[in-house]
file structure_35.txt (compact mmCIF, N, CA and C atoms)
# COMPACT_ATOMS: atom_id res chain seq x y z
N MET A 159 63.04 157.53 -47.06
CA MET A 159 63.34 158.91 -47.35
C MET A 159 62.63 159.83 -46.36
N ASP A 160 61.38 159.54 -46.00
CA ASP A 160 60.64 160.38 -45.07
C ASP A 160 61.34 160.45 -43.71
N ALA A 161 61.76 159.31 -43.18
CA ALA A 161 62.33 159.28 -41.84
C ALA A 161 63.64 160.05 -41.76
N ARG A 162 64.47 159.95 -42.77
CA ARG A 162 65.75 160.67 -42.75
C ARG A 162 65.52 162.17 -42.81
N LEU A 163 64.61 162.61 -43.67
CA LEU A 163 64.33 164.04 -43.78
C LEU A 163 63.67 164.57 -42.52
N LEU A 164 62.85 163.74 -41.90
CA LEU A 164 62.09 164.18 -40.73
C LEU A 164 62.98 164.42 -39.53
N SER A 165 64.07 163.68 -39.40
CA SER A 165 64.90 163.78 -38.21
C SER A 165 65.53 165.16 -38.04
N ILE A 166 65.85 165.84 -39.13
CA ILE A 166 66.53 167.14 -39.02
C ILE A 166 65.60 168.21 -38.44
N PRO A 167 64.44 168.49 -39.08
CA PRO A 167 63.59 169.54 -38.49
C PRO A 167 63.01 169.15 -37.15
N GLN A 168 62.71 167.87 -36.93
CA GLN A 168 62.16 167.46 -35.63
C GLN A 168 63.20 167.66 -34.55
N GLY A 169 64.45 167.39 -34.85
CA GLY A 169 65.51 167.63 -33.87
C GLY A 169 65.58 169.09 -33.49
N ARG A 170 65.48 169.97 -34.48
CA ARG A 170 65.50 171.41 -34.20
C ARG A 170 64.28 171.83 -33.39
N LEU A 171 63.13 171.23 -33.67
CA LEU A 171 61.92 171.56 -32.93
C LEU A 171 62.05 171.16 -31.47
N ILE A 172 62.61 169.98 -31.21
CA ILE A 172 62.81 169.52 -29.83
C ILE A 172 63.80 170.43 -29.11
N VAL A 173 64.88 170.82 -29.78
CA VAL A 173 65.86 171.72 -29.17
C VAL A 173 65.19 173.04 -28.82
N GLY A 174 64.41 173.59 -29.76
CA GLY A 174 63.71 174.85 -29.48
C GLY A 174 62.76 174.73 -28.31
N LEU A 175 62.10 173.61 -28.22
CA LEU A 175 61.14 173.40 -27.15
C LEU A 175 61.82 173.28 -25.79
N THR A 176 62.90 172.52 -25.73
CA THR A 176 63.52 172.22 -24.44
C THR A 176 64.58 173.23 -24.02
N TRP A 177 65.46 173.59 -24.88
CA TRP A 177 66.56 174.48 -24.48
C TRP A 177 66.10 175.92 -24.30
N PHE A 178 65.29 176.41 -25.22
CA PHE A 178 64.95 177.82 -25.22
C PHE A 178 63.51 178.09 -24.78
N ASN A 179 62.77 177.05 -24.42
CA ASN A 179 61.39 177.18 -23.97
C ASN A 179 60.55 178.01 -24.94
N VAL A 180 60.77 177.79 -26.22
CA VAL A 180 60.10 178.56 -27.27
C VAL A 180 58.59 178.43 -27.18
N PHE A 181 58.10 177.23 -26.91
CA PHE A 181 56.66 177.00 -26.91
C PHE A 181 56.10 176.93 -25.50
N GLY A 182 56.83 177.40 -24.52
CA GLY A 182 56.42 177.29 -23.13
C GLY A 182 55.08 177.91 -22.82
N ASN A 183 54.77 179.04 -23.45
CA ASN A 183 53.50 179.71 -23.18
C ASN A 183 52.40 179.28 -24.13
N ALA A 184 52.72 178.50 -25.13
CA ALA A 184 51.72 178.05 -26.11
C ALA A 184 52.04 176.61 -26.51
N ALA A 185 51.90 175.69 -25.58
CA ALA A 185 52.28 174.30 -25.80
C ALA A 185 51.62 173.64 -27.01
N PRO A 186 50.34 173.96 -27.36
CA PRO A 186 49.77 173.33 -28.56
C PRO A 186 50.51 173.67 -29.85
N LEU A 187 51.31 174.74 -29.84
CA LEU A 187 52.09 175.06 -31.03
C LEU A 187 53.11 173.97 -31.32
N TYR A 188 53.53 173.23 -30.30
CA TYR A 188 54.42 172.09 -30.54
C TYR A 188 53.73 171.08 -31.45
N MET A 189 52.45 170.83 -31.21
CA MET A 189 51.69 169.90 -32.05
C MET A 189 51.62 170.42 -33.47
N ALA A 190 51.40 171.71 -33.64
CA ALA A 190 51.34 172.29 -34.98
C ALA A 190 52.68 172.14 -35.69
N GLY A 191 53.76 172.44 -34.99
CA GLY A 191 55.08 172.28 -35.58
C GLY A 191 55.38 170.85 -35.96
N LEU A 192 55.04 169.94 -35.07
CA LEU A 192 55.25 168.52 -35.33
C LEU A 192 54.44 168.06 -36.54
N ALA A 193 53.16 168.36 -36.54
CA ALA A 193 52.28 167.86 -37.60
C ALA A 193 52.61 168.46 -38.95
N PHE A 194 52.84 169.74 -39.01
CA PHE A 194 53.09 170.35 -40.31
C PHE A 194 54.49 170.07 -40.82
N THR A 195 55.44 169.80 -39.93
CA THR A 195 56.75 169.32 -40.37
C THR A 195 56.60 167.93 -40.98
N VAL A 196 55.93 167.06 -40.26
CA VAL A 196 55.72 165.69 -40.74
C VAL A 196 54.95 165.69 -42.06
N CYS A 197 53.85 166.41 -42.12
CA CYS A 197 53.03 166.42 -43.34
C CYS A 197 53.76 167.07 -44.50
N GLY A 198 54.48 168.13 -44.26
CA GLY A 198 55.22 168.78 -45.33
C GLY A 198 56.26 167.88 -45.95
N ILE A 199 56.97 167.16 -45.12
CA ILE A 199 57.99 166.24 -45.63
C ILE A 199 57.32 165.10 -46.39
N HIS A 200 56.20 164.62 -45.88
CA HIS A 200 55.47 163.55 -46.57
C HIS A 200 54.99 164.02 -47.93
N TRP A 201 54.42 165.22 -47.99
CA TRP A 201 53.91 165.74 -49.26
C TRP A 201 55.05 165.96 -50.26
N PHE A 202 56.23 166.38 -49.76
CA PHE A 202 57.39 166.53 -50.64
C PHE A 202 57.80 165.17 -51.21
N ALA A 203 57.88 164.16 -50.35
CA ALA A 203 58.26 162.82 -50.80
C ALA A 203 57.22 162.25 -51.76
N MET A 204 55.95 162.48 -51.47
CA MET A 204 54.87 162.00 -52.34
C MET A 204 54.95 162.67 -53.71
N ALA A 205 55.19 163.96 -53.72
CA ALA A 205 55.30 164.68 -55.00
C ALA A 205 56.51 164.20 -55.78
N HIS A 206 57.61 163.93 -55.09
CA HIS A 206 58.81 163.43 -55.78
C HIS A 206 58.55 162.07 -56.40
N ARG A 207 57.85 161.19 -55.68
CA ARG A 207 57.52 159.87 -56.24
C ARG A 207 56.66 160.02 -57.49
N ARG A 208 55.70 160.91 -57.43
CA ARG A 208 54.82 161.12 -58.59
C ARG A 208 55.59 161.74 -59.75
N TYR A 209 56.48 162.68 -59.46
CA TYR A 209 57.29 163.31 -60.49
C TYR A 209 58.18 162.28 -61.18
N ALA A 210 58.73 161.37 -60.38
CA ALA A 210 59.62 160.34 -60.93
C ALA A 210 58.85 159.20 -61.58
N GLY A 211 57.54 159.20 -61.47
CA GLY A 211 56.73 158.15 -62.07
C GLY A 211 56.69 156.86 -61.28
N SER A 212 56.99 156.95 -59.99
CA SER A 212 56.98 155.76 -59.13
C SER A 212 55.55 155.41 -58.72
N SER A 213 55.40 154.26 -58.11
CA SER A 213 54.10 153.79 -57.66
C SER A 213 53.55 154.67 -56.54
N ALA A 214 52.23 154.85 -56.52
CA ALA A 214 51.57 155.61 -55.46
C ALA A 214 51.16 154.70 -54.30
N ALA A 215 51.41 153.40 -54.41
CA ALA A 215 51.01 152.46 -53.36
C ALA A 215 51.58 152.79 -51.99
N PRO A 216 52.84 153.24 -51.87
CA PRO A 216 53.35 153.57 -50.54
C PRO A 216 52.56 154.68 -49.83
N ASP A 217 51.86 155.51 -50.60
CA ASP A 217 51.06 156.56 -49.98
C ASP A 217 49.99 155.99 -49.07
N GLY A 218 49.45 154.83 -49.40
CA GLY A 218 48.45 154.20 -48.55
C GLY A 218 49.01 153.78 -47.20
N TRP A 219 50.22 153.23 -47.21
CA TRP A 219 50.85 152.83 -45.95
C TRP A 219 51.24 154.05 -45.13
N MET A 220 51.75 155.07 -45.79
CA MET A 220 52.11 156.29 -45.09
C MET A 220 50.87 156.98 -44.51
N ALA A 221 49.75 156.86 -45.19
CA ALA A 221 48.51 157.50 -44.73
C ALA A 221 48.08 156.96 -43.37
N ILE A 222 48.44 155.73 -43.06
CA ILE A 222 48.08 155.16 -41.75
C ILE A 222 48.75 155.97 -40.63
N GLY A 223 50.03 156.23 -40.77
CA GLY A 223 50.75 157.03 -39.77
C GLY A 223 50.25 158.46 -39.70
N TYR A 224 49.97 159.04 -40.87
CA TYR A 224 49.51 160.42 -40.90
C TYR A 224 48.07 160.54 -40.41
N LEU A 225 47.30 159.48 -40.52
CA LEU A 225 45.97 159.45 -39.93
C LEU A 225 46.10 159.59 -38.41
N PHE A 226 47.05 158.86 -37.84
CA PHE A 226 47.30 158.93 -36.40
C PHE A 226 47.71 160.36 -35.99
N VAL A 227 48.63 160.97 -36.73
CA VAL A 227 49.09 162.33 -36.42
C VAL A 227 47.92 163.33 -36.53
N SER A 228 47.06 163.14 -37.52
CA SER A 228 45.93 164.05 -37.71
C SER A 228 44.92 163.93 -36.59
N VAL A 229 44.64 162.70 -36.16
CA VAL A 229 43.73 162.50 -35.02
C VAL A 229 44.33 163.13 -33.77
N LEU A 230 45.63 162.94 -33.58
CA LEU A 230 46.31 163.54 -32.42
C LEU A 230 46.20 165.06 -32.46
N GLY A 231 46.39 165.66 -33.63
CA GLY A 231 46.27 167.11 -33.77
C GLY A 231 44.86 167.60 -33.46
N ALA A 232 43.85 166.89 -33.97
CA ALA A 232 42.47 167.28 -33.69
C ALA A 232 42.19 167.19 -32.18
N TYR A 233 42.70 166.16 -31.55
CA TYR A 233 42.50 165.99 -30.11
C TYR A 233 43.20 167.10 -29.32
N VAL A 234 44.48 167.37 -29.64
CA VAL A 234 45.24 168.38 -28.90
C VAL A 234 44.59 169.75 -29.04
N PHE A 235 44.26 170.15 -30.27
CA PHE A 235 43.69 171.48 -30.44
C PHE A 235 42.25 171.57 -29.95
N GLY A 236 41.53 170.45 -29.96
CA GLY A 236 40.20 170.43 -29.35
C GLY A 236 40.29 170.64 -27.86
N LYS A 237 41.22 169.94 -27.21
CA LYS A 237 41.40 170.09 -25.76
C LYS A 237 41.92 171.47 -25.40
N ALA A 238 42.70 172.07 -26.30
CA ALA A 238 43.25 173.42 -26.06
C ALA A 238 42.22 174.51 -26.34
N GLY A 239 41.06 174.13 -26.93
CA GLY A 239 40.02 175.11 -27.21
C GLY A 239 40.24 175.90 -28.49
N ASP A 240 41.13 175.43 -29.36
CA ASP A 240 41.41 176.12 -30.62
C ASP A 240 40.63 175.44 -31.75
N THR A 241 39.35 175.79 -31.85
CA THR A 241 38.44 175.15 -32.79
C THR A 241 38.85 175.31 -34.25
N PRO A 242 39.27 176.50 -34.71
CA PRO A 242 39.64 176.61 -36.13
C PRO A 242 40.77 175.66 -36.54
N VAL A 243 41.78 175.51 -35.70
CA VAL A 243 42.88 174.60 -36.02
C VAL A 243 42.42 173.16 -35.88
N MET A 244 41.56 172.88 -34.91
CA MET A 244 41.00 171.54 -34.78
C MET A 244 40.27 171.14 -36.06
N ILE A 245 39.56 172.08 -36.69
CA ILE A 245 38.84 171.79 -37.94
C ILE A 245 39.82 171.42 -39.04
N ILE A 246 40.98 172.09 -39.09
CA ILE A 246 42.00 171.73 -40.09
C ILE A 246 42.42 170.28 -39.89
N PHE A 247 42.67 169.89 -38.65
CA PHE A 247 43.10 168.52 -38.38
C PHE A 247 41.99 167.50 -38.61
N ILE A 248 40.75 167.89 -38.41
CA ILE A 248 39.64 167.00 -38.75
C ILE A 248 39.62 166.78 -40.26
N GLY A 249 39.82 167.85 -41.02
CA GLY A 249 39.91 167.71 -42.48
C GLY A 249 41.04 166.78 -42.89
N LEU A 250 42.22 166.94 -42.27
CA LEU A 250 43.35 166.05 -42.57
C LEU A 250 43.03 164.61 -42.19
N THR A 251 42.35 164.43 -41.05
CA THR A 251 41.95 163.09 -40.63
C THR A 251 41.06 162.44 -41.68
N LEU A 252 40.08 163.18 -42.17
CA LEU A 252 39.18 162.63 -43.19
C LEU A 252 39.92 162.30 -44.47
N ILE A 253 40.86 163.18 -44.86
CA ILE A 253 41.65 162.91 -46.07
C ILE A 253 42.39 161.59 -45.94
N TYR A 254 43.11 161.43 -44.83
CA TYR A 254 43.91 160.21 -44.66
C TYR A 254 43.03 158.99 -44.41
N LEU A 255 41.87 159.18 -43.79
CA LEU A 255 40.94 158.07 -43.57
C LEU A 255 40.46 157.49 -44.90
N VAL A 256 40.25 158.34 -45.89
CA VAL A 256 39.83 157.89 -47.22
C VAL A 256 41.03 157.44 -48.04
N GLU A 257 42.18 158.03 -47.82
CA GLU A 257 43.39 157.70 -48.58
C GLU A 257 43.83 156.25 -48.35
N VAL A 258 43.68 155.75 -47.13
CA VAL A 258 44.13 154.38 -46.83
C VAL A 258 43.43 153.34 -47.71
N PRO A 259 42.09 153.25 -47.70
CA PRO A 259 41.47 152.23 -48.57
C PRO A 259 41.60 152.55 -50.06
N THR A 260 41.72 153.83 -50.39
CA THR A 260 41.87 154.20 -51.80
C THR A 260 43.16 153.64 -52.36
N ARG A 261 44.26 153.81 -51.64
CA ARG A 261 45.57 153.35 -52.13
C ARG A 261 45.79 151.86 -51.90
N LEU A 262 45.37 151.35 -50.75
CA LEU A 262 45.69 149.95 -50.42
C LEU A 262 44.70 148.95 -51.00
N ALA A 263 43.44 149.34 -51.11
CA ALA A 263 42.42 148.41 -51.61
C ALA A 263 41.98 148.73 -53.03
N GLY A 264 42.54 149.78 -53.61
CA GLY A 264 42.19 150.13 -54.98
C GLY A 264 40.76 150.65 -55.14
N TRP A 265 40.28 151.37 -54.15
CA TRP A 265 38.93 151.92 -54.19
C TRP A 265 38.90 153.06 -55.20
N ASN A 266 38.23 152.85 -56.31
CA ASN A 266 38.23 153.81 -57.41
C ASN A 266 37.55 155.13 -57.06
N GLY A 267 36.44 155.09 -56.37
CA GLY A 267 35.74 156.32 -56.01
C GLY A 267 36.46 157.14 -54.96
N GLY A 268 37.41 156.53 -54.29
CA GLY A 268 38.12 157.21 -53.21
C GLY A 268 38.95 158.38 -53.69
N ALA A 269 39.50 158.29 -54.89
CA ALA A 269 40.36 159.37 -55.39
C ALA A 269 39.58 160.68 -55.51
N ARG A 270 38.36 160.60 -55.97
CA ARG A 270 37.54 161.81 -56.09
C ARG A 270 37.16 162.35 -54.71
N LEU A 271 36.87 161.46 -53.79
CA LEU A 271 36.52 161.89 -52.44
C LEU A 271 37.73 162.52 -51.75
N VAL A 272 38.92 161.94 -51.94
CA VAL A 272 40.14 162.53 -51.39
C VAL A 272 40.33 163.95 -51.95
N ALA A 273 40.13 164.09 -53.27
CA ALA A 273 40.29 165.41 -53.90
C ALA A 273 39.29 166.42 -53.33
N LEU A 274 38.05 166.00 -53.11
CA LEU A 274 37.04 166.89 -52.54
C LEU A 274 37.43 167.30 -51.12
N LEU A 275 37.85 166.33 -50.32
CA LEU A 275 38.24 166.63 -48.94
C LEU A 275 39.48 167.53 -48.91
N GLN A 276 40.41 167.32 -49.83
CA GLN A 276 41.58 168.19 -49.90
C GLN A 276 41.18 169.61 -50.26
N CYS A 277 40.25 169.74 -51.19
CA CYS A 277 39.78 171.06 -51.60
C CYS A 277 39.09 171.78 -50.43
N LEU A 278 38.19 171.09 -49.74
CA LEU A 278 37.48 171.70 -48.62
C LEU A 278 38.42 172.08 -47.48
N THR A 279 39.36 171.18 -47.16
CA THR A 279 40.32 171.46 -46.10
C THR A 279 41.22 172.62 -46.51
N GLY A 280 41.61 172.67 -47.79
CA GLY A 280 42.43 173.76 -48.29
C GLY A 280 41.71 175.10 -48.22
N ILE A 281 40.42 175.11 -48.55
CA ILE A 281 39.64 176.35 -48.45
C ILE A 281 39.59 176.83 -47.00
N TRP A 282 39.37 175.90 -46.07
CA TRP A 282 39.33 176.28 -44.65
C TRP A 282 40.71 176.78 -44.20
N LEU A 283 41.77 176.14 -44.64
CA LEU A 283 43.12 176.57 -44.29
C LEU A 283 43.41 177.97 -44.83
N MET A 284 42.95 178.25 -46.05
CA MET A 284 43.15 179.59 -46.62
C MET A 284 42.33 180.65 -45.87
N TYR A 285 41.12 180.28 -45.42
CA TYR A 285 40.35 181.21 -44.60
C TYR A 285 41.11 181.52 -43.30
N CYS A 286 41.62 180.47 -42.66
CA CYS A 286 42.35 180.68 -41.41
C CYS A 286 43.57 181.57 -41.64
N THR A 287 44.27 181.34 -42.74
CA THR A 287 45.43 182.17 -43.07
C THR A 287 45.01 183.62 -43.26
N TRP A 288 43.94 183.83 -44.01
CA TRP A 288 43.42 185.18 -44.26
C TRP A 288 43.01 185.85 -42.94
N ALA A 289 42.25 185.12 -42.13
CA ALA A 289 41.73 185.69 -40.89
C ALA A 289 42.84 186.07 -39.93
N VAL A 290 43.82 185.21 -39.75
CA VAL A 290 44.92 185.52 -38.84
C VAL A 290 45.68 186.74 -39.35
N THR A 291 45.93 186.79 -40.65
CA THR A 291 46.70 187.89 -41.22
C THR A 291 45.98 189.23 -41.06
N VAL A 292 44.72 189.30 -41.45
CA VAL A 292 44.01 190.59 -41.34
C VAL A 292 43.70 190.94 -39.90
N ASN A 293 43.51 189.94 -39.04
CA ASN A 293 43.30 190.24 -37.62
C ASN A 293 44.54 190.88 -37.01
N LEU A 294 45.71 190.30 -37.31
CA LEU A 294 46.94 190.83 -36.73
C LEU A 294 47.40 192.11 -37.41
N ALA A 295 47.34 192.15 -38.73
CA ALA A 295 47.90 193.28 -39.46
C ALA A 295 46.97 194.49 -39.50
N LEU A 296 45.67 194.24 -39.56
CA LEU A 296 44.73 195.35 -39.75
C LEU A 296 43.75 195.54 -38.60
N GLY A 297 43.86 194.70 -37.58
CA GLY A 297 42.99 194.83 -36.42
C GLY A 297 41.57 194.33 -36.64
N TYR A 298 41.35 193.50 -37.66
CA TYR A 298 40.02 192.94 -37.89
C TYR A 298 39.67 192.00 -36.75
N LYS A 299 38.43 191.58 -36.72
CA LYS A 299 37.95 190.67 -35.67
C LYS A 299 37.25 189.45 -36.30
N LEU A 300 37.86 188.89 -37.35
CA LEU A 300 37.29 187.68 -37.98
C LEU A 300 37.39 186.51 -37.01
N TRP A 301 36.45 185.56 -37.12
CA TRP A 301 36.47 184.40 -36.22
C TRP A 301 37.66 183.52 -36.57
N ILE A 302 38.46 183.31 -35.57
CA ILE A 302 39.62 182.43 -35.74
C ILE A 302 40.05 181.92 -34.38

call {"tool": "encode", "arguments": {"input": "structure_35.txt", "output": "structure tokens"}}
result
Amino acid sequence: MDARLLSIPQGRLIVGLTWFNVFGNAAPLYMAGLAFTVCGIHWFAMAHRRYAGSSAAPDGWMAIGYLFVSVLGAYVFGKAGDTPVMIIFIGLTLIYLVEVPTRLAGWNGGARLVALLQCLTGIWLMYCTWAVTVNLALGYKLWI
């Protein structure tokens, strides 16, 4: 289900990148588009499995791929000098790093650690959202 859903937005992202040079002046935005498209579709599929009462075991296998995407995002934004976004990807990396043994090896304490890491990463993401919004809309100078 993830792969079929992923092909549609990724195809549009590639077209935007190549045909219209949408990200030509801000190439790291391609990484953001790629990662958040992939993660959003994964989270939708994960929520659907949980809603339907299916097993959560596939989440462990999927976390391996998303761990790779998160490390790639941290690397790209680190090299681009965008520290706030790099921190988001470090948080995602830690989440998926703990998710793999939690789901695949049945590590009981891992679920609480995943929840803590999700909470901390979510707080940082909300700060970044707030900072970008007030910086652009109101002329603030928050660190971002």

call {"tool": "closest_residue", "arguments": {"input": "structure_35.txt", "among": "A:Val256, A:Ala289, A:Gly231, A:Lys299", "to": "Ala190 of chain A", "atoms": "only N, CA and C atoms"}}
result
A:Gly231

call {"tool": "closest_residue", "arguments": {"input": "structure_35.txt", "among": "A:Ala205, A:Val227, A:Ala269, A:Ile222", "to": "Leu192 of chain A", "atoms": "all atoms listed in the file"}}
result
A:Val227

call {"tool": "closest_residue", "arguments": {"input": "structure_35.txt", "among": "A:Gly218, A:Trp201, A:Tyr209, A:Ala273", "to": "Arg261 of chain A", "atoms": "only C-alpha atoms"}}
result
A:Gly218

call {"tool": "atom_distance", "arguments": {"input": "structure_35.txt", "atom1": "atom CA of Ile245 of chain A", "atom2": "atom CA of Trp282 of chain A"}}
result
8.1 Å

call {"tool": "closest_residue", "arguments": {"input": "structure_35.txt", "among": "A:Val234, A:Ile302, A:Met204, A:Met284", "to": "Pro216 of chain A", "atoms": "only C-alpha atoms"}}
result
A:Met204

call {"tool": "atom_distance", "arguments": {"input": "structure_35.txt", "atom1": "atom CA of Gly249 of chain A", "atom2": "atom CA of His206 of chain A"}}
result
23.5 Å

call {"tool": "select_by_dssp", "arguments": {"input": "structure_35.txt", "residues": "chain A", "states": "helix (DSSP H, G or I)", "output": "ChimeraX atom specification"}}
result
/A:160-176,186-210,215-237,241-262,268-296

call {"tool": "atom_distance", "arguments": {"input": "structure_35.txt", "atom1": "atom CA of Ala193 of chain A", "atom2": "atom CA of Asn266 of chain A"}}
result
28.1 Å

call {"tool": "residues_near_point", "arguments": {"input": "structure_35.txt", "point": "(38.6, 183.9, -39.2)", "cutoff": "6 Å", "atoms": "only N, CA and C atoms", "output": "list in words"}}
result
Tyr285, Cys286, Ala289, Val290, Leu300, Trp301 and Ile302 of chain A

call {"tool": "closest_residue", "arguments": {"input": "structure_35.txt", "among": "A:Pro186, A:Gly297, A:Thr195, A:Thr287", "to": "Phe235 of chain A", "atoms": "only N, CA and C atoms"}}
result
A:Pro186

call {"tool": "build_atoms", "arguments": {"input": "structure_35.txt", "residues": "segment 200-208 of chain A", "atoms": "all heavy atoms", "output": "compact mmCIF listing (two decimals), keeping the file's coordinate frame"}}
result
# COMPACT_ATOMS: atom_id res chain seq x y z
N HIS A 200 56.20 164.62 -45.88
CA HIS A 200 55.47 163.55 -46.57
C HIS A 200 54.99 164.02 -47.93
O HIS A 200 55.12 163.32 -48.93
CB HIS A 200 54.29 163.10 -45.71
CG HIS A 200 53.33 162.20 -46.42
ND1 HIS A 200 53.70 160.99 -46.95
CD2 HIS A 200 52.01 162.34 -46.67
CE1 HIS A 200 52.64 160.43 -47.51
NE2 HIS A 200 51.60 161.23 -47.35
N TRP A 201 54.42 165.22 -47.99
CA TRP A 201 53.91 165.74 -49.26
C TRP A 201 55.05 165.96 -50.26
O TRP A 201 54.89 165.74 -51.45
CB TRP A 201 53.11 167.02 -49.04
CG TRP A 201 51.86 166.79 -48.26
CD1 TRP A 201 51.10 165.64 -48.22
CD2 TRP A 201 51.21 167.70 -47.40
NE1 TRP A 201 50.02 165.80 -47.38
CE2 TRP A 201 50.06 167.06 -46.86
CE3 TRP A 201 51.47 169.01 -47.00
CZ2 TRP A 201 49.19 167.67 -45.97
CZ3 TRP A 201 50.61 169.62 -46.12
CH2 TRP A 201 49.48 168.95 -45.61
N PHE A 202 56.23 166.38 -49.76
CA PHE A 202 57.39 166.53 -50.64
C PHE A 202 57.80 165.17 -51.21
O PHE A 202 58.03 165.03 -52.41
CB PHE A 202 58.56 167.16 -49.87
CG PHE A 202 59.84 167.16 -50.65
CD1 PHE A 202 60.07 168.09 -51.64
CD2 PHE A 202 60.83 166.21 -50.40
CE1 PHE A 202 61.24 168.10 -52.36
CE2 PHE A 202 62.00 166.19 -51.11
CZ PHE A 202 62.21 167.15 -52.10
N ALA A 203 57.88 164.16 -50.35
CA ALA A 203 58.26 162.82 -50.80
C ALA A 203 57.22 162.25 -51.76
O ALA A 203 57.57 161.63 -52.77
CB ALA A 203 58.44 161.89 -49.60
N MET A 204 55.95 162.48 -51.47
CA MET A 204 54.87 162.00 -52.34
C MET A 204 54.95 162.67 -53.71
O MET A 204 54.82 162.02 -54.75
CB MET A 204 53.52 162.30 -51.68
CG MET A 204 52.32 161.76 -52.40
SD MET A 204 50.79 161.96 -51.43
CE MET A 204 50.81 163.68 -51.02
N ALA A 205 55.19 163.96 -53.72
CA ALA A 205 55.30 164.68 -55.00
C ALA A 205 56.51 164.20 -55.78
O ALA A 205 56.45 164.05 -57.01
CB ALA A 205 55.40 166.18 -54.74
N HIS A 206 57.61 163.93 -55.09
CA HIS A 206 58.81 163.43 -55.78
C HIS A 206 58.55 162.07 -56.40
O HIS A 206 58.97 161.81 -57.53
CB HIS A 206 59.99 163.36 -54.81
CG HIS A 206 61.25 162.92 -55.48
ND1 HIS A 206 61.63 161.61 -55.50
CD2 HIS A 206 62.17 163.62 -56.18
CE1 HIS A 206 62.76 161.50 -56.18
NE2 HIS A 206 63.11 162.71 -56.60
N ARG A 207 57.85 161.19 -55.68
CA ARG A 207 57.52 159.87 -56.24
C ARG A 207 56.66 160.02 -57.49
O ARG A 207 56.86 159.33 -58.48
CB ARG A 207 56.79 159.01 -55.21
CG ARG A 207 57.70 158.27 -54.28
CD ARG A 207 56.97 157.14 -53.55
NE ARG A 207 55.77 157.55 -52.85
CZ ARG A 207 55.74 158.04 -51.62
NH1 ARG A 207 56.86 158.20 -50.96
NH2 ARG A 207 54.61 158.36 -51.05
N ARG A 208 55.70 160.91 -57.43
CA ARG A 208 54.82 161.12 -58.59
C ARG A 208 55.59 161.74 -59.75
O ARG A 208 55.38 161.40 -60.90
CB ARG A 208 53.62 161.96 -58.20
CG ARG A 208 52.67 161.17 -57.32
CD ARG A 208 51.44 161.94 -56.95
NE ARG A 208 50.61 161.14 -56.06
CZ ARG A 208 49.62 161.61 -55.36
NH1 ARG A 208 49.29 162.88 -55.44
NH2 ARG A 208 48.92 160.82 -54.58
